[in-house]
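Chemist: One structure, as structure tokens, below. Some questions next.
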Amino acid sequence: CLMESSVPLQSYKEAAEWILAHTDQRPRIAVICGSGLGTLAETLENKTVIPYEDIPHFPSSTVPGHAGRLVFGLLNGKQCVCMQGRFHIYEGYSMSTVAFPVRVFSLLGVDTLIVTNAAGGINSNYSVGDIMFIKDHINMPGFCGQNPLRGPNEDGFGVRFPCMSDAYDQHLRHLAMDCTQELGLQDIVQEGIYCMLGGPSYETIAECNMLKLLGVDAVGMSTVPEVITGRHCRMHILGISLITNMAILSYNSTAHANHQEVLQTSQLRAAALIALLTNLVGKM
Ligand code: R1P
């Protein structure tokens, strides 16, 4: 098992103070854009764009489809901050480093976190291009001790033993469901369980079948660290997986999972997701 190294409290504070000094915008909503989903940030009005490398202690994005910038601006009239690019443990970051921006957002005054990702469909009723609202997750790396809250508890952010049975806000999920009806997207919407694996190798056929047995609907390599950290500091969370490819469950399949396919599907559905989030944020 990997050891978790916790981030010093001072680093969060210095990052937040730097950001507060570089923008007048004070959003209460943060959006983490998954693989290939960063175009949402382009649609904000009155943008302030801050590259991650300018912010003290901020990690760097190393994955294609993750630009590595914070974009502040108005989405449907509401102040938001978008992470155009997230961090993953397979990049070599600890869980707490992956979730570093979430605590910084909390210090900025953010209380609602929308987390998006590209995921592989495990549920056989799903299709490529489906939008899945996450109702629960499985922290597979957590089974061997990987958790962003590992290490001394920061009482200023939250309690030592946070509850996770309500990690994904039901009210936000229902609101998002209403938006999909309004936009005529109901036929491509699902609600399910997301499982995080460490990556970067995609799942084997045996692993996919195991996840199916466990009741997993979609699998990916992200989201869980940010959600645990966000719930720890009492944020309301909406999780959205875009099903960018179907997991390979049969040894007869000739398909091969690849990041190009993931990015292509993201591009295909970017407009629908942008419409959904724009509509939703307007209702918040
Ligand atoms: C694999 O194609 C990449 O897509 C997903 C996986 O987690 C992995 O990083 O990206 P996001 O979860 O960041 O959307």
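Naming scheme: A, B, ... for chains in displayed order of the structure tokens; residues 1 onward per chain; ligands 1 onward as shown.
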Set the distance at 12 Å and use only C-alpha atoms: which residues neighbour region 74-76 of chain A once local chain neighbours fewer than 5 positions away are removed? I'd like the list as a PyMOL selection string.

Modeler: chain A and resi 25-31+40-48+81-82+274-284

Chemist: List as a PDB file with all heavy atoms, in the first residue's frame the protein and nucleic acid residues lying within 7 Å of ligand 1, with only C-alpha atoms and all ligand atoms counted.

Modeler:
ATOM      1  N   GLY A  34     -13.800  16.795 -15.779  1.00  0.00           N
ATOM      2  CA  GLY A  34     -13.144  15.514 -16.042  1.00  0.00           C
ATOM      3  C   GLY A  34     -12.439  15.503 -17.387  1.00  0.00           C
ATOM      4  O   GLY A  34     -12.440  16.516 -18.108  1.00  0.00           O
ATOM      5  N   SER A  35     -11.875  14.351 -17.742  1.00  0.00           N
ATOM      6  CA  SER A  35     -11.119  14.195 -18.982  1.00  0.00           C
ATOM      7  C   SER A  35     -11.916  14.692 -20.185  1.00  0.00           C
ATOM      8  O   SER A  35     -13.015  14.208 -20.452  1.00  0.00           O
ATOM      9  CB  SER A  35     -10.776  12.720 -19.216  1.00  0.00           C
ATOM     10  OG  SER A  35      -9.696  12.351 -18.415  1.00  0.00           O
ATOM     11  N   ARG A  86      -7.850  18.020 -13.597  1.00  0.00           N
ATOM     12  CA  ARG A  86      -7.752  17.550 -12.209  1.00  0.00           C
ATOM     13  C   ARG A  86      -6.497  16.713 -12.051  1.00  0.00           C
ATOM     14  O   ARG A  86      -5.748  16.490 -13.007  1.00  0.00           O
ATOM     15  CB  ARG A  86      -8.978  16.729 -11.846  1.00  0.00           C
ATOM     16  CG  ARG A  86      -9.126  15.413 -12.633  1.00  0.00           C
ATOM     17  CD  ARG A  86      -9.661  14.283 -11.793  1.00  0.00           C
ATOM     18  NE  ARG A  86     -10.947  14.558 -11.163  1.00  0.00           N
ATOM     19  CZ  ARG A  86     -12.123  14.465 -11.772  1.00  0.00           C
ATOM     20  NH1 ARG A  86     -12.170  14.116 -13.036  1.00  0.00           N
ATOM     21  NH2 ARG A  86     -13.246  14.675 -11.127  1.00  0.00           N
ATOM     22  N   HIS A  88      -4.654  13.066 -10.409  1.00  0.00           N
ATOM     23  CA  HIS A  88      -4.963  11.640 -10.199  1.00  0.00           C
ATOM     24  C   HIS A  88      -3.831  11.000  -9.407  1.00  0.00           C
ATOM     25  O   HIS A  88      -2.671  11.422  -9.545  1.00  0.00           O
ATOM     26  CB  HIS A  88      -5.088  10.913 -11.543  1.00  0.00           C
ATOM     27  CG  HIS A  88      -6.032  11.564 -12.517  1.00  0.00           C
ATOM     28  ND1 HIS A  88      -5.659  12.605 -13.328  1.00  0.00           N
ATOM     29  CD2 HIS A  88      -7.344  11.297 -12.808  1.00  0.00           C
ATOM     30  CE1 HIS A  88      -6.697  12.970 -14.078  1.00  0.00           C
ATOM     31  NE2 HIS A  88      -7.727  12.196 -13.781  1.00  0.00           N
ATOM     32  N   THR A 116     -17.112  16.185 -12.163  1.00  0.00           N
ATOM     33  CA  THR A 116     -17.414  15.405 -13.367  1.00  0.00           C
ATOM     34  C   THR A 116     -16.238  14.495 -13.696  1.00  0.00           C
ATOM     35  O   THR A 116     -15.100  14.761 -13.299  1.00  0.00           O
ATOM     36  CB  THR A 116     -17.695  16.315 -14.585  1.00  0.00           C
ATOM     37  OG1 THR A 116     -16.489  16.998 -14.956  1.00  0.00           O
ATOM     38  CG2 THR A 116     -18.768  17.347 -14.279  1.00  0.00           C
ATOM     39  N   ASN A 117     -16.519  13.424 -14.387  1.00  0.00           N
ATOM     40  CA  ASN A 117     -15.440  12.535 -14.820  1.00  0.00           C
ATOM     41  C   ASN A 117     -15.851  11.763 -16.057  1.00  0.00           C
ATOM     42  O   ASN A 117     -17.027  11.699 -16.407  1.00  0.00           O
ATOM     43  CB  ASN A 117     -15.025  11.566 -13.693  1.00  0.00           C
ATOM     44  CG  ASN A 117     -16.130  10.614 -13.297  1.00  0.00           C
ATOM     45  OD1 ASN A 117     -16.701   9.916 -14.140  1.00  0.00           O
ATOM     46  ND2 ASN A 117     -16.453  10.576 -12.007  1.00  0.00           N
ATOM     47  N   ALA A 118     -14.845  11.210 -16.707  1.00  0.00           N
ATOM     48  CA  ALA A 118     -15.052  10.265 -17.792  1.00  0.00           C
ATOM     49  C   ALA A 118     -14.916   8.875 -17.177  1.00  0.00           C
ATOM     50  O   ALA A 118     -13.961   8.628 -16.429  1.00  0.00           O
ATOM     51  CB  ALA A 118     -13.993  10.482 -18.872  1.00  0.00           C
ATOM     52  N   ALA A 119     -15.869   7.991 -17.459  1.00  0.00           N
ATOM     53  CA  ALA A 119     -15.835   6.684 -16.793  1.00  0.00           C
ATOM     54  C   ALA A 119     -16.188   5.566 -17.763  1.00  0.00           C
ATOM     55  O   ALA A 119     -16.842   5.789 -18.786  1.00  0.00           O
ATOM     56  CB  ALA A 119     -16.819   6.684 -15.615  1.00  0.00           C
ATOM     57  N   PRO A 200      -2.749   3.746 -13.656  1.00  0.00           N
ATOM     58  CA  PRO A 200      -3.261   4.210 -14.936  1.00  0.00           C
ATOM     59  C   PRO A 200      -3.639   3.085 -15.909  1.00  0.00           C
ATOM     60  O   PRO A 200      -4.238   3.357 -16.930  1.00  0.00           O
ATOM     61  CB  PRO A 200      -2.097   5.027 -15.514  1.00  0.00           C
ATOM     62  CG  PRO A 200      -0.887   4.326 -14.992  1.00  0.00           C
ATOM     63  CD  PRO A 200      -1.276   3.857 -13.603  1.00  0.00           C
ATOM     64  N   GLY A 220     -13.638   4.429 -12.841  1.00  0.00           N
ATOM     65  CA  GLY A 220     -12.686   5.447 -13.280  1.00  0.00           C
ATOM     66  C   GLY A 220     -11.535   5.547 -12.287  1.00  0.00           C
ATOM     67  O   GLY A 220     -11.383   4.691 -11.406  1.00  0.00           O
ATOM     68  N   MET A 221     -10.745   6.592 -12.455  1.00  0.00           N
ATOM     69  CA  MET A 221      -9.524   6.724 -11.642  1.00  0.00           C
ATOM     70  C   MET A 221      -9.491   8.062 -10.908  1.00  0.00           C
ATOM     71  O   MET A 221      -8.412   8.622 -10.693  1.00  0.00           O
ATOM     72  CB  MET A 221      -8.287   6.604 -12.554  1.00  0.00           C
ATOM     73  CG  MET A 221      -8.292   5.382 -13.451  1.00  0.00           C
ATOM     74  SD  MET A 221      -7.061   5.537 -14.771  1.00  0.00           S
ATOM     75  CE  MET A 221      -7.565   4.176 -15.856  1.00  0.00           C
ATOM     76  N   SER A 222     -10.668   8.578 -10.564  1.00  0.00           N
ATOM     77  CA  SER A 222     -10.683   9.925  -9.964  1.00  0.00           C
ATOM     78  C   SER A 222     -11.879  10.100  -9.045  1.00  0.00           C
ATOM     79  O   SER A 222     -12.455   9.126  -8.565  1.00  0.00           O
ATOM     80  CB  SER A 222     -10.733  10.969 -11.085  1.00  0.00           C
ATOM     81  OG  SER A 222     -12.001  10.960 -11.713  1.00  0.00           O
ATOM     82  N   THR A 223     -12.215  11.359  -8.795  1.00  0.00           N
ATOM     83  CA  THR A 223     -13.475  11.803  -8.167  1.00  0.00           C
ATOM     84  C   THR A 223     -13.585  11.534  -6.668  1.00  0.00           C
ATOM     85  O   THR A 223     -13.949  12.420  -5.888  1.00  0.00           O
ATOM     86  CB  THR A 223     -14.702  11.191  -8.915  1.00  0.00           C
ATOM     87  OG1 THR A 223     -14.640  11.645 -10.265  1.00  0.00           O
ATOM     88  CG2 THR A 223     -16.022  11.567  -8.297  1.00  0.00           C
ATOM     89  N   ASN A 258      -8.981   2.807 -24.514  1.00  0.00           N
ATOM     90  CA  ASN A 258      -7.892   3.760 -24.805  1.00  0.00           C
ATOM     91  C   ASN A 258      -8.351   5.183 -24.532  1.00  0.00           C
ATOM     92  O   ASN A 258      -9.550   5.489 -24.614  1.00  0.00           O
ATOM     93  CB  ASN A 258      -7.406   3.601 -26.254  1.00  0.00           C
ATOM     94  CG  ASN A 258      -8.486   3.952 -27.253  1.00  0.00           C
ATOM     95  OD1 ASN A 258      -8.603   5.099 -27.660  1.00  0.00           O
ATOM     96  ND2 ASN A 258      -9.313   2.979 -27.634  1.00  0.00           N
ATOM     97  N   HIS A 259      -7.392   6.045 -24.208  1.00  0.00           N
ATOM     98  CA  HIS A 259      -7.707   7.417 -23.777  1.00  0.00           C
ATOM     99  C   HIS A 259      -8.255   8.258 -24.930  1.00  0.00           C
ATOM    100  O   HIS A 259      -9.014   9.197 -24.699  1.00  0.00           O
ATOM    101  CB  HIS A 259      -6.454   8.061 -23.157  1.00  0.00           C
ATOM    102  CG  HIS A 259      -6.743   9.333 -22.398  1.00  0.00           C
ATOM    103  ND1 HIS A 259      -7.678   9.407 -21.379  1.00  0.00           N
ATOM    104  CD2 HIS A 259      -6.228  10.582 -22.501  1.00  0.00           C
ATOM    105  CE1 HIS A 259      -7.716  10.645 -20.898  1.00  0.00           C
ATOM    106  NE2 HIS A 259      -6.845  11.381 -21.569  1.00  0.00           N
ATOM    107  N   VAL A 262     -11.888   7.895 -24.976  1.00  0.00           N
ATOM    108  CA  VAL A 262     -12.427   8.638 -23.836  1.00  0.00           C
ATOM    109  C   VAL A 262     -12.581  10.109 -24.214  1.00  0.00           C
ATOM    110  O   VAL A 262     -13.649  10.720 -24.025  1.00  0.00           O
ATOM    111  CB  VAL A 262     -11.481   8.475 -22.615  1.00  0.00           C
ATOM    112  CG1 VAL A 262     -11.832   9.450 -21.505  1.00  0.00           C
ATOM    113  CG2 VAL A 262     -11.528   7.030 -22.104  1.00  0.00           C
TER     114      VAL A 262
END

Chemist: Find the residues near region 244-256 of chain A: any atom within 7 Å, counting only C-alpha atoms, skip ones fewer than 5 places away on the same chain, and give them as a list of chain:residue names.

Modeler: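 Close residues of region 244-256 of chain A: A:Ala118, A:Ala119, A:Gly120, A:Gly121, A:Ile122, A:Val128, A:Gly129, A:Ile205, A:Cys208, A:Asn209, A:Val262, A:Thr265, A:Ser266.
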
Chemist: According to DSSP computed on the backbone, where in region 120-149 of chain A is there strand (DSSP E or B)? Give the residues as number ranges by chain.

Modeler: A: 120-121, 131-139

Chemist: What's the separation between CA of Asp130 (chain A) and CA of Ile228 (chain A), in Å to one decimal place?

Modeler: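 Straight-line distance from CA of Asp130 (chain A) to CA of Ile228 (chain A) works out to 24.4 Å.
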
Chemist: Hey, can you check how far CA of Leu273 (chain A) sits from CA of Asp178 (chain A)?

Modeler: 13.9 Å

Chemist: Near Val159 (chain A), counting only C-alpha atoms, which residues have an atom at most 12 Å away, once you skip same-chain residues fewer than 2 positions from it, shown as a short mmCIF file (atom, residue, chain, number, x, y, z; two decimals) with N, CA, C and O atoms, in the first residue's frame?

Modeler:
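File produced: selection-v7.cif:
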data_model
loop_
_atom_site.label_atom_id
_atom_site.label_comp_id
_atom_site.auth_asym_id
_atom_site.auth_seq_id
_atom_site.Cartn_x
_atom_site.Cartn_y
_atom_site.Cartn_z
N LEU A 149 -8.01 11.90 3.74
CA LEU A 149 -8.05 12.42 5.11
C LEU A 149 -7.06 11.71 6.02
O LEU A 149 -7.01 11.97 7.23
N PRO A 152 -2.99 13.48 10.40
CA PRO A 152 -3.65 14.26 11.46
C PRO A 152 -4.88 14.96 10.92
O PRO A 152 -4.85 15.48 9.82
N ASN A 153 -5.98 14.93 11.70
CA ASN A 153 -7.19 15.60 11.21
C ASN A 153 -7.04 17.11 11.31
O ASN A 153 -6.53 17.63 12.30
N GLU A 154 -7.49 17.81 10.26
CA GLU A 154 -7.53 19.28 10.32
C GLU A 154 -8.91 19.66 10.81
O GLU A 154 -9.87 19.74 10.03
N ASP A 155 -9.02 19.91 12.12
CA ASP A 155 -10.33 20.18 12.72
C ASP A 155 -11.00 21.40 12.11
O ASP A 155 -12.23 21.50 12.10
N GLY A 156 -10.19 22.33 11.62
CA GLY A 156 -10.75 23.54 11.00
C GLY A 156 -11.56 23.21 9.76
O GLY A 156 -12.44 23.97 9.37
N PHE A 157 -11.25 22.12 9.10
CA PHE A 157 -12.01 21.72 7.91
C PHE A 157 -13.18 20.82 8.26
O PHE A 157 -14.25 20.94 7.68
N PHE A 161 -13.98 11.69 11.81
CA PHE A 161 -14.67 10.55 11.18
C PHE A 161 -15.92 11.04 10.43
O PHE A 161 -17.03 10.92 10.94
N PRO A 162 -15.75 11.59 9.26
CA PRO A 162 -16.92 12.13 8.55
C PRO A 162 -17.82 11.03 7.98
O PRO A 162 -17.33 9.99 7.52
N CYS A 163 -19.12 11.28 8.02
CA CYS A 163 -20.10 10.35 7.45
C CYS A 163 -20.06 10.44 5.93
O CYS A 163 -19.91 11.52 5.37
N ILE A 228 -14.60 12.93 -0.99
CA ILE A 228 -14.38 12.71 0.45
C ILE A 228 -13.92 14.01 1.11
O ILE A 228 -14.43 14.40 2.17
N THR A 229 -13.02 14.70 0.45
CA THR A 229 -12.48 15.94 1.02
C THR A 229 -13.56 17.03 1.07
O THR A 229 -13.66 17.77 2.05
N ARG A 231 -16.84 16.55 1.25
CA ARG A 231 -17.83 16.21 2.30
C ARG A 231 -17.26 16.48 3.69
O ARG A 231 -17.98 16.91 4.58
N HIS A 232 -15.97 16.21 3.83
CA HIS A 232 -15.32 16.48 5.13
C HIS A 232 -15.54 17.94 5.53
O HIS A 232 -15.80 18.24 6.69
N CYS A 233 -15.46 18.85 4.54
CA CYS A 233 -15.71 20.26 4.89
C CYS A 233 -17.13 20.68 4.52
O CYS A 233 -17.37 21.85 4.23
N ARG A 234 -18.04 19.73 4.56
CA ARG A 234 -19.50 19.95 4.50
C ARG A 234 -19.98 20.60 3.20
O ARG A 234 -20.98 21.33 3.19
#

Chemist: With only C-alpha atoms counted and 8 Å as the cut-off, give the residues of region 206-251 of chain A in contact with region 91-115 of chain A, each with its shortest interatomic distance in Å and the pair that gives it, as CSV.

Modeler:
residue,atom,partner,partner_atom,distance
A:Thr223,CA,A:Val115,CA,6.6
A:Pro225,CA,A:Ala99,CA,5.6
A:Glu226,CA,A:Ala99,CA,4.8
A:Val227,CA,A:Val115,CA,7.7
A:Thr229,CA,A:Ala99,CA,6.5
A:Gly230,CA,A:Val102,CA,6.1
A:Cys233,CA,A:Ser106,CA,7.2
A:Arg234,CA,A:Asp111,CA,7.4
A:Met235,CA,A:Asp111,CA,4.7
A:His236,CA,A:Thr112,CA,4.7
A:Ile237,CA,A:Leu113,CA,4.9
A:Leu238,CA,A:Ile114,CA,4.8
A:Gly239,CA,A:Val115,CA,4.8
A:Ile240,CA,A:Val115,CA,6.2

Chemist: Can you list, as a list in words, every protein, DNA or RNA residue that comes within 6 Å of Met83 (chain A) when you count only C-alpha atoms, leaving out same-chain residues fewer than 5 positions away?

Modeler: Ile32, Cys33 and Leu70 of chain A

Chemist: Keeping all heavy atoms for every residue in the selection just given, could you write it to a file as an mmCIF file, in the first residue's frame?

Modeler:
data_model
loop_
_atom_site.group_PDB
_atom_site.id
_atom_site.type_symbol
_atom_site.label_atom_id
_atom_site.label_comp_id
_atom_site.auth_asym_id
_atom_site.auth_seq_id
_atom_site.Cartn_x
_atom_site.Cartn_y
_atom_site.Cartn_z
ATOM 1 N N ILE A 32 -15.322 20.653 -11.048
ATOM 2 C CA ILE A 32 -14.098 19.956 -11.462
ATOM 3 C C ILE A 32 -14.400 19.271 -12.794
ATOM 4 O O ILE A 32 -15.308 18.443 -12.881
ATOM 5 C CB ILE A 32 -13.645 18.924 -10.407
ATOM 6 C CG1 ILE A 32 -13.408 19.623 -9.060
ATOM 7 C CG2 ILE A 32 -12.375 18.200 -10.882
ATOM 8 C CD1 ILE A 32 -12.954 18.699 -7.935
ATOM 9 N N CYS A 33 -13.650 19.667 -13.817
ATOM 10 C CA CYS A 33 -13.908 19.138 -15.167
ATOM 11 C C CYS A 33 -13.102 17.861 -15.388
ATOM 12 O O CYS A 33 -11.881 17.854 -15.253
ATOM 13 C CB CYS A 33 -13.531 20.170 -16.220
ATOM 14 S SG CYS A 33 -14.441 21.720 -16.044
ATOM 15 N N LEU A 70 -7.307 27.252 -13.436
ATOM 16 C CA LEU A 70 -8.544 27.618 -12.735
ATOM 17 C C LEU A 70 -9.204 28.706 -13.555
ATOM 18 O O LEU A 70 -8.544 29.676 -13.938
ATOM 19 C CB LEU A 70 -8.252 28.189 -11.347
ATOM 20 C CG LEU A 70 -7.884 27.259 -10.203
ATOM 21 C CD1 LEU A 70 -7.864 28.057 -8.898
ATOM 22 C CD2 LEU A 70 -8.839 26.085 -10.095
#

Chemist: So what do you get for CA of Thr62 (chain A) versus CA of Tyr168 (chain A), distance-wise?

Modeler: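 So the answer is 27.7 Å.
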
Chemist: Where in region 122-209 of chain A does DSSP assign helix (DSSP H, G or I), given as a ChimeraX atom specification?

Modeler: /A:140-144,170-182,186-188,205-209

Chemist: From the options A:Gln146, A:Gln190, A:Ser60, A:Gln79, which residue's atoms come nearest to Ser124 (chain A), counting only C-alpha atoms?

Modeler: A:Gln190

Chemist: Restricting the calculation to only C-alpha atoms: of A:Ile188, A:Ile50, A:Leu183, A:Val219, which residue gets closest to Phe72 (chain A)?

Modeler: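 Result for the nearest residue to Phe72 (chain A): A:Ile50.
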